[in-house]
Amino acid sequence: MADVLVIGAGPAGLAAAAAAREAGGEVTLLDSSDVLGGQYWRHLPDSRPAERERLLHHGWDTFTALRRRLESDPHVRIVTSAQVWAIERDTGVPAVVHVLVGPPDAGGRQRLALRPDAVVFATGAHDRTLPFPGWDLPGVFTGGAAQALAKGERIAVGRRVLVAGAGPFLLPVAASLTQTGATVVGVLEANRLSTLVKGWAPRPWQLASTHAKARELAGYVANHVRHAIPYRTGRAVVAAHGTDRVTSVTTAAVDAAWTPIAGTERTVEVDAVCVSHGFTPRLELAIAAGCALTPDRFVMTGPDQQTNVVGLYAAGEITGIGGVDLAMAEGSIAGWAAAGGPPDDKAVRDGRRRRAAYRAFAARLEAAHGIRPGWTGWLDSHTIVCRCEEVSFGRLCGAADATSTTSLRSLKLSSRAALGICQGRMCGRSVEEILAGRVAGGRLRDEVVADQRPIAVPIRLGDLAARRDPEPPTASPSQSPTPNETE
Amino acid sequence: MDCDVVVVGAGIVGSACARTLARAGLSVTVVDRGAAAGGTTAHGEGNLLVSDKRPGAELDIAQYSARLWRELSVELADELGPGFPSLEFEEKGGLVVATEERGAGPLLELAESQRQAGARVRVLTASEALRLEPELTPSAVAAVHYPEDGQVQPVIAAEALLASARRAGARILPHTEVTGPVLTESGELTGVQSTAGTIRAPHVVVAAGPWSARVASSLGATIPVVPRRGMVLVTTRMRHRIFRKVYDADYVGAVGSNGSELQTSSVIESTASGTVLIGSSRQMIGFDDRLRVNVLEELALKATQLFPFLRMASVMRVYGGFRPFTPDHLPLIGPDAMVPGLWHANGHEGAGIGLAPATAEILGALIRRESPAVAAAPYLPGRPALASVGGVR
Ligand SMILES: Cc1cc2nc3c(=O)[nH]c(=O)nc-3n(C[C@H](O)[C@H](O)[C@H](O)COP(=O)(O)OP(=O)(O)OC[C@H]3O[C@@H](n4cnc5c(N)ncnc54)[C@H](O)[C@@H]3O)c2cc1C
Ligand SMILES: Cc1cc2nc3c(=O)[nH]c(=O)nc-3n(C[C@H](O)[C@H](O)[C@H](O)COP(=O)(O)OP(=O)(O)OC[C@H]3O[C@@H](n4cnc5c(N)ncnc54)[C@H](O)[C@@H]3O)c2cc1C
């Protein structure tokens, strides 16, 4: 029986764990959060059960059924509050996975070193907010954070809220907000209608196969209509104002490249604003494990979701942004294959069919809603780009010009951007795009630097010093039925 | 001729050489297969140390270079103006601490010999050491203070040297790899082939850090420079509780050793931004850049022994690079022993940032057939000490 380790318990990871069991594997499922469900099925801790979870979450029954199945299976070990902090590769097993178990940031977390036969990476993505003047004011949230507060804590981020950025997920964010009692004064999509139409229109028949997706979207649109929320395209939040907290924002029309158009500014009074422009996959663990990336920088996978490294699989948002259904389809294929399930079994055929349908949907998403380079046009020299190290756009450009550098690494080290506690998770790709816009050819050669984090979460020196491997990590692969652990 | 000198490598050493040569009036082209300042220079620390150098050739060049850094930090800031990021040059001093009785003897011996050779050295009692570094482990048995130990930010320093070289007329070609020699009809080296075409020059300088042996061999020469892996830990920001560079005395042993097994010794300091840097390991494992958790554990253990309060500090980042190691711990500076027109400025192991300015001055003088401020003999690629290891043909 193969030991399958699944990292991440969002839709992709849950589906992977279930499929790995079906194929007869022994499963360990880890997530850094204290509950299962990932970004999509984020919910109140079970100690605070809520009647309304089903209303707040699409596919809630799917989730609870999956969860029940995994929790009651003696061959599934679920470890929550488990942060994978490092991965070692080429050690005789596909990967040695180092885990800290306990509340994040706490000292004295338990350390595990797992040596499974196969790993499914299902670490998802976080939503990405581009900097704009005032985005560091209290009251400015990412869509994901606002939704997490709404879904996980039942807290509305404000009373009068504007939702802005790009992508169809702005609608569910607006929906979650109205469900917690906030008034959503509008939803702004930066892409113009013509871009949206171009992205979505070709081959409309393909949408038929993703009608569940279309129905879900239709639900959000209905919510929109019911609450009379204006939806505008080709407009962006270009500044937030306030002293202790945001009190208003400036919006402006943007062209097809997202460059703001002078003279179109408008001021909107709000007490909160939720801004998300897209997603950044959490690639660091897969990169550390030696997995290759695609040109658009997701984990590269083959037909059975295997990466270029034998025994390592990837599923969900780290392979491309396509929503919960694609994540689950990929997860089921990955889990099945990771546990050694036969590739032509009918158990995976359905997953493959769903994957094909939803991938088409994902391609449309990117074509319609992808980030365009003109956004740097709304920055001013004082706009903070890296919030951890408080590096402004002006300082960043100053360093880039002074050194004429073509290297992201050099720019980071000479400006300190992306060197702070979040390790560039928030600003890394923005710093990269700002620099790329200034070098000939518009492309950096060391861009992968923005996604590299050999240490995925901080670890106390005391905890690091406490365990010393008696044998080198090149030790032979584990023979035991569950992933071998050492402390 | 396209130019007088081609410098292969735009790390700190190539940048310093380019600046010196361009300011001496030579036309210089610098090529790097990556971005400038993206190699070892961007993967190490920026300590400018006298404390770890043994009297003689090691200490001589270190002291000379420390003097040059002091001047350079002012010159570069003046030349490049306030818009250029600061080099973060600081002579904050270093404190070497022995935590075990058996380390005390070699430390005090080394300190005494360094003092006789003219280094500023102060042997401290345990309580004096604690006064300088109140968070230090109370179990220190011996400590030596080196007020001359300093630092720069290596990437900014390399970029500054390059910017200055550019102003003096040097041409920089990033993302251009040197692939082989250009030879005259009689077989003499007269330039390099690169991915950007042929670059002709009577002088070719190999400043390719740990990759120097490969570059040299592609140009027909053999040198004994091999990579020696090193890792560094970076903590999250905190209040300043460490005021100097603090090393455990094992450092003295590790730097001077040729062992290929894993060695670690702490070099700990706070940075201006509030992080603490914990270096570093030494391992001869070729160009293997895989993360090894046991190396991190080892570093963490040593660091917490020196500063117990660090147990609660969090490591947020680790990085590592390859030191360009030579068997006798001295850099190669000067003409290749066999190939006329080929010059070396490499093999600085864990001291390339510190020794870059001196390297550039010595090399510059040799290329111009002048005599350098420090005798070049101990650093010449053809020196007898290297012949015995069979590195030089
Ligand atoms: C604001 C917002 C709204 C959305 N709305 C919709 C919608 O309406 N419809 C739709 O289809 N999709 C929506 N999505 C997208 C949907 O959430 C994703 O498609 C889905 O969650 C992806 O599943 P996943 O399993 O790949 O990743 P995730 O759900 O993100 O799960 C990844 C899991 O990995 C864990 N993890 C990451 N790193 C580590 C580590 N180092 N150690 C341990 N665990 C780790 C995380 O804790 C997380 O639980 C929305 C997303 C956002 C941000
Ligand atoms: C962990 C660690 C800590 C360190 N700490 C210190 C310290 O505190 N103080 C100190 O003084 N030193 C320290 N060092 C050592 C120091 O970093 C090096 O000695 C120094 O950076 C070497 O500089 P360089 O210019 O010779 O090499 P590099 O910076 O490596 O530059 C060589 C360049 O050559 C280029 N190149 C290679 N092959 C080719 C080719 N075929 N064609 C074109 N270009 C090519 C590379 O791309 C590279 O940019 C440390 C090193 C490490 C790894």
# chains A, B, ... in the order shown; residues from 1 in each chain; ligands from 1
$ residues_near_ligand --ligand "ligand 1" --cutoff "7 Å" --atoms "only C-alpha atoms and all ligand atoms" --output "PyMOL selection string"
chain A and resi 7-13+30-33+36-40+82-85+122-127+143-144+147+169-170+172-173+213+282+285+315-318+321-325+327+456-457
$ closest_atom_pairs --of "chain A" --to "ligand 2" --cutoff "12 Å" --atoms "only C-alpha atoms and all ligand atoms" --output "Markdown table"
| residue | atom | partner | partner_atom_place_in_ligand_line | distance |
| --- | --- | --- | --- | --- |
| A:Ser407 | CA | ligand 2 | 49 (O) | 11.1 |
| A:Arg409 | CA | ligand 2 | 49 (O) | 11.9 |
| A:Ser410 | CA | ligand 2 | 49 (O) | 11.2 |
| A:Asp446 | CA | ligand 2 | 47 (O) | 11.9 |
$ write_last_selection --atoms "N, CA, C and O atoms" --output "short mmCIF file (atom, residue, chain, number, x, y, z; two decimals), in the first residue's frame"
data_model
loop_
_atom_site.label_atom_id
_atom_site.label_comp_id
_atom_site.auth_asym_id
_atom_site.auth_seq_id
_atom_site.Cartn_x
_atom_site.Cartn_y
_atom_site.Cartn_z
N SER A 407 18.07 42.30 -12.60
CA SER A 407 17.88 41.15 -11.74
C SER A 407 16.97 41.46 -10.58
O SER A 407 17.16 42.43 -9.86
N ARG A 409 16.71 39.66 -7.93
CA ARG A 409 17.44 39.43 -6.69
C ARG A 409 18.22 40.68 -6.29
O ARG A 409 18.20 41.12 -5.15
N SER A 410 18.89 41.27 -7.27
CA SER A 410 19.66 42.47 -6.97
C SER A 410 18.75 43.60 -6.50
O SER A 410 19.04 44.28 -5.52
N ASP A 446 15.32 36.15 -13.96
CA ASP A 446 15.37 35.45 -12.67
C ASP A 446 14.06 35.60 -11.92
O ASP A 446 14.01 35.68 -10.72
#
$ select_by_dssp --residues "stretch 132-380 of chain B" --states "helix (DSSP H, G or I)" --output "number ranges by chain"
B: 132, 154-167, 209-218, 250-255, 293-306, 308-312, 349-367, 377-379
$ interface_residues --of "chain B" --to "chain A" --cutoff "6 Å" --atoms "only C-alpha atoms" --output "list in words"
Ala35, Phe84, Ile156, Glu159, Leu291, Glu297, Ala300, Leu301, Arg311, Met312, Ala313, Ser314, Val315, Met316 and Arg317 of chain B
$ residues_around --residues "A:Val157" --least-positions-apart "5" --cutoff "9 Å" --atoms "only C-alpha atoms" --output "JSON, numbers by chain"
{"A": [139, 140, 141, 146, 149, 150, 177, 182, 271, 272, 273, 274]}
$ select_by_dssp --residues "stretch 89-215 of chain B" --states "strand (DSSP E)" --output "PyMOL selection string"
chain B and resi 94-98+122-124+142-146+150-151+171-173+178-183+189-194+197-200+203-206
$ residues_around --residues "B:Tyr247" --least-positions-apart "2" --cutoff "6 Å" --atoms "only C-alpha atoms" --output "list in words"
Val96, Ser266 and Val267 of chain B
$ residues_around --residues "B:Met231" --least-positions-apart "5" --cutoff "10 Å" --atoms "only C-alpha atoms" --output "ChimeraX atom specification"
/B:43-45,264,278-283,289,291-292,295-296,299,318-322
$ write_last_selection --atoms "N, CA, C and O atoms" --output "mmCIF file, in the first residue's frame"
data_model
loop_
_atom_site.group_PDB
_atom_site.id
_atom_site.type_symbol
_atom_site.label_atom_id
_atom_site.label_comp_id
_atom_site.auth_asym_id
_atom_site.auth_seq_id
_atom_site.Cartn_x
_atom_site.Cartn_y
_atom_site.Cartn_z
ATOM 1 N N HIS B 43 24.692 35.818 -2.626
ATOM 2 C CA HIS B 43 24.293 34.643 -1.838
ATOM 3 C C HIS B 43 25.158 34.436 -0.610
ATOM 4 O O HIS B 43 25.270 33.330 -0.103
ATOM 5 N N GLY B 44 25.796 35.491 -0.155
ATOM 6 C CA GLY B 44 26.634 35.358 1.031
ATOM 7 C C GLY B 44 26.407 36.527 1.958
ATOM 8 O O GLY B 44 25.339 37.138 1.958
ATOM 9 N N GLU B 45 27.407 36.833 2.748
ATOM 10 C CA GLU B 45 27.312 37.972 3.649
ATOM 11 C C GLU B 45 28.381 38.973 3.253
ATOM 12 O O GLU B 45 29.188 38.717 2.378
ATOM 13 N N THR B 264 30.193 23.868 10.807
ATOM 14 C CA THR B 264 29.483 25.114 11.037
ATOM 15 C C THR B 264 30.159 25.835 12.171
ATOM 16 O O THR B 264 30.782 25.222 13.035
ATOM 17 N N ILE B 278 22.567 34.732 10.664
ATOM 18 C CA ILE B 278 23.321 33.657 11.295
ATOM 19 C C ILE B 278 24.006 32.849 10.206
ATOM 20 O O ILE B 278 23.382 32.147 9.436
ATOM 21 N N GLY B 279 25.304 33.025 10.128
ATOM 22 C CA GLY B 279 26.076 32.243 9.171
ATOM 23 C C GLY B 279 27.009 31.373 9.976
ATOM 24 O O GLY B 279 27.125 31.543 11.169
ATOM 25 N N SER B 280 27.691 30.585 9.357
ATOM 26 C CA SER B 280 27.395 29.942 8.095
ATOM 27 C C SER B 280 28.081 28.598 8.106
ATOM 28 O O SER B 280 28.957 28.345 8.901
ATOM 29 N N SER B 281 27.643 27.781 7.202
ATOM 30 C CA SER B 281 28.163 26.417 7.135
ATOM 31 C C SER B 281 29.234 26.324 6.060
ATOM 32 O O SER B 281 29.352 27.196 5.209
ATOM 33 N N ARG B 282 29.990 25.262 6.096
ATOM 34 C CA ARG B 282 30.979 24.995 5.048
ATOM 35 C C ARG B 282 30.904 23.526 4.697
ATOM 36 O O ARG B 282 31.015 22.671 5.557
ATOM 37 N N GLN B 283 30.724 23.264 3.409
ATOM 38 C CA GLN B 283 30.532 21.891 2.969
ATOM 39 C C GLN B 283 31.049 21.768 1.550
ATOM 40 O O GLN B 283 30.731 22.615 0.706
ATOM 41 N N ASP B 289 22.868 22.430 -4.618
ATOM 42 C CA ASP B 289 22.243 23.536 -3.871
ATOM 43 C C ASP B 289 20.975 23.094 -3.141
ATOM 44 O O ASP B 289 20.150 23.918 -2.764
ATOM 45 N N LEU B 291 18.434 22.086 -0.320
ATOM 46 C CA LEU B 291 18.288 22.424 1.087
ATOM 47 C C LEU B 291 18.535 21.179 1.919
ATOM 48 O O LEU B 291 18.012 20.109 1.610
ATOM 49 N N ARG B 292 19.316 21.327 2.974
ATOM 50 C CA ARG B 292 19.528 20.221 3.900
ATOM 51 C C ARG B 292 19.191 20.707 5.301
ATOM 52 O O ARG B 292 19.862 21.583 5.841
ATOM 53 N N VAL B 295 21.764 20.908 8.152
ATOM 54 C CA VAL B 295 22.676 22.053 8.158
ATOM 55 C C VAL B 295 22.031 23.220 8.922
ATOM 56 O O VAL B 295 22.681 23.879 9.743
ATOM 57 N N LEU B 296 20.747 23.426 8.678
ATOM 58 C CA LEU B 296 20.049 24.513 9.373
ATOM 59 C C LEU B 296 20.001 24.242 10.875
ATOM 60 O O LEU B 296 20.166 25.146 11.697
ATOM 61 N N LEU B 299 23.328 25.051 12.450
ATOM 62 C CA LEU B 299 23.520 26.504 12.586
ATOM 63 C C LEU B 299 22.686 27.051 13.738
ATOM 64 O O LEU B 299 23.157 27.883 14.517
ATOM 65 N N VAL B 318 16.191 31.417 4.530
ATOM 66 C CA VAL B 318 17.547 30.868 4.488
ATOM 67 C C VAL B 318 18.050 31.041 3.065
ATOM 68 O O VAL B 318 17.261 31.093 2.127
ATOM 69 N N TYR B 319 19.337 31.165 2.921
ATOM 70 C CA TYR B 319 19.880 31.204 1.575
ATOM 71 C C TYR B 319 21.297 30.655 1.629
ATOM 72 O O TYR B 319 21.863 30.461 2.709
ATOM 73 N N GLY B 320 21.844 30.419 0.481
ATOM 74 C CA GLY B 320 23.182 29.864 0.475
ATOM 75 C C GLY B 320 23.867 30.077 -0.853
ATOM 76 O O GLY B 320 23.231 30.419 -1.850
ATOM 77 N N GLY B 321 25.170 29.896 -0.846
ATOM 78 C CA GLY B 321 25.948 30.065 -2.072
ATOM 79 C C GLY B 321 27.162 29.155 -2.042
ATOM 80 O O GLY B 321 27.295 28.314 -1.149
ATOM 81 N N PHE B 322 28.004 29.357 -3.021
ATOM 82 C CA PHE B 322 29.198 28.527 -3.163
ATOM 83 C C PHE B 322 30.441 29.391 -3.087
ATOM 84 O O PHE B 322 30.685 30.206 -3.973
#
$ residues_around --residues "B:Ser212" --least-positions-apart "3" --cutoff "8 Å" --atoms "only C-alpha atoms" --output "number ranges by chain"
B: 206-209, 215-216, 223, 225, 346-347
$ write_last_selection --atoms "C-alpha atoms" --output "PDB file, in the first residue's frame"
ATOM      1  CA  VAL B 206      38.597  35.258 -15.098  1.00  0.00           C
ATOM      2  CA  ALA B 207      36.509  36.615 -12.217  1.00  0.00           C
ATOM      3  CA  ALA B 208      33.854  33.942 -12.322  1.00  0.00           C
ATOM      4  CA  GLY B 209      33.836  33.112  -8.619  1.00  0.00           C
ATOM      5  CA  VAL B 215      35.701  29.232 -17.370  1.00  0.00           C
ATOM      6  CA  ALA B 216      39.483  28.845 -17.163  1.00  0.00           C
ATOM      7  CA  ILE B 223      43.145  26.184 -11.723  1.00  0.00           C
ATOM      8  CA  VAL B 225      39.166  26.498  -7.548  1.00  0.00           C
ATOM      9  CA  ASN B 346      39.255  34.411  -8.243  1.00  0.00           C
ATOM     10  CA  GLY B 347      39.426  31.825  -5.495  1.00  0.00           C
TER      11      GLY B 347
END
$ decode --residues "stretch 428-439 of chain A" --atoms "N, CA, C and O atoms" --output "PDB file, in the first residue's frame"
ATOM      1  N   GLY A 428       5.880  40.386  -3.994  1.00  0.00           N
ATOM      2  CA  GLY A 428       6.938  39.851  -4.855  1.00  0.00           C
ATOM      3  C   GLY A 428       6.668  40.010  -6.341  1.00  0.00           C
ATOM      4  O   GLY A 428       7.504  40.505  -7.090  1.00  0.00           O
ATOM      5  N   ARG A 429       5.476  39.610  -6.746  1.00  0.00           N
ATOM      6  CA  ARG A 429       5.192  39.669  -8.182  1.00  0.00           C
ATOM      7  C   ARG A 429       4.972  41.099  -8.645  1.00  0.00           C
ATOM      8  O   ARG A 429       5.214  41.407  -9.810  1.00  0.00           O
ATOM      9  N   SER A 430       4.522  41.962  -7.753  1.00  0.00           N
ATOM     10  CA  SER A 430       4.369  43.365  -8.143  1.00  0.00           C
ATOM     11  C   SER A 430       5.740  44.009  -8.341  1.00  0.00           C
ATOM     12  O   SER A 430       5.964  44.747  -9.300  1.00  0.00           O
ATOM     13  N   VAL A 431       6.664  43.706  -7.426  1.00  0.00           N
ATOM     14  CA  VAL A 431       8.026  44.225  -7.575  1.00  0.00           C
ATOM     15  C   VAL A 431       8.600  43.750  -8.902  1.00  0.00           C
ATOM     16  O   VAL A 431       9.212  44.512  -9.661  1.00  0.00           O
ATOM     17  N   GLU A 432       8.377  42.491  -9.176  1.00  0.00           N
ATOM     18  CA  GLU A 432       8.869  41.900 -10.408  1.00  0.00           C
ATOM     19  C   GLU A 432       8.290  42.609 -11.637  1.00  0.00           C
ATOM     20  O   GLU A 432       9.011  42.942 -12.580  1.00  0.00           O
ATOM     21  N   GLU A 433       6.977  42.862 -11.624  1.00  0.00           N
ATOM     22  CA  GLU A 433       6.362  43.506 -12.786  1.00  0.00           C
ATOM     23  C   GLU A 433       6.841  44.940 -12.943  1.00  0.00           C
ATOM     24  O   GLU A 433       7.015  45.436 -14.062  1.00  0.00           O
ATOM     25  N   ILE A 434       7.067  45.610 -11.816  1.00  0.00           N
ATOM     26  CA  ILE A 434       7.574  46.983 -11.893  1.00  0.00           C
ATOM     27  C   ILE A 434       8.958  46.984 -12.533  1.00  0.00           C
ATOM     28  O   ILE A 434       9.246  47.757 -13.442  1.00  0.00           O
ATOM     29  N   LEU A 435       9.810  46.058 -12.098  1.00  0.00           N
ATOM     30  CA  LEU A 435      11.159  45.994 -12.675  1.00  0.00           C
ATOM     31  C   LEU A 435      11.102  45.554 -14.137  1.00  0.00           C
ATOM     32  O   LEU A 435      11.777  46.137 -14.994  1.00  0.00           O
ATOM     33  N   ALA A 436      10.273  44.553 -14.432  1.00  0.00           N
ATOM     34  CA  ALA A 436      10.188  44.047 -15.805  1.00  0.00           C
ATOM     35  C   ALA A 436       9.771  45.167 -16.756  1.00  0.00           C
ATOM     36  O   ALA A 436      10.240  45.245 -17.892  1.00  0.00           O
ATOM     37  N   GLY A 437       8.899  46.053 -16.276  1.00  0.00           N
ATOM     38  CA  GLY A 437       8.453  47.165 -17.101  1.00  0.00           C
ATOM     39  C   GLY A 437       9.577  48.136 -17.433  1.00  0.00           C
ATOM     40  O   GLY A 437       9.426  48.987 -18.309  1.00  0.00           O
ATOM     41  N   ARG A 438      10.696  48.024 -16.714  1.00  0.00           N
ATOM     42  CA  ARG A 438      11.781  48.984 -16.899  1.00  0.00           C
ATOM     43  C   ARG A 438      12.973  48.390 -17.633  1.00  0.00           C
ATOM     44  O   ARG A 438      13.915  49.101 -17.953  1.00  0.00           O
ATOM     45  N   VAL A 439      12.990  47.067 -17.851  1.00  0.00           N
ATOM     46  CA  VAL A 439      14.136  46.501 -18.567  1.00  0.00           C
ATOM     47  C   VAL A 439      13.766  46.206 -20.015  1.00  0.00           C
ATOM     48  O   VAL A 439      12.599  45.965 -20.325  1.00  0.00           O
TER      49      VAL A 439
END
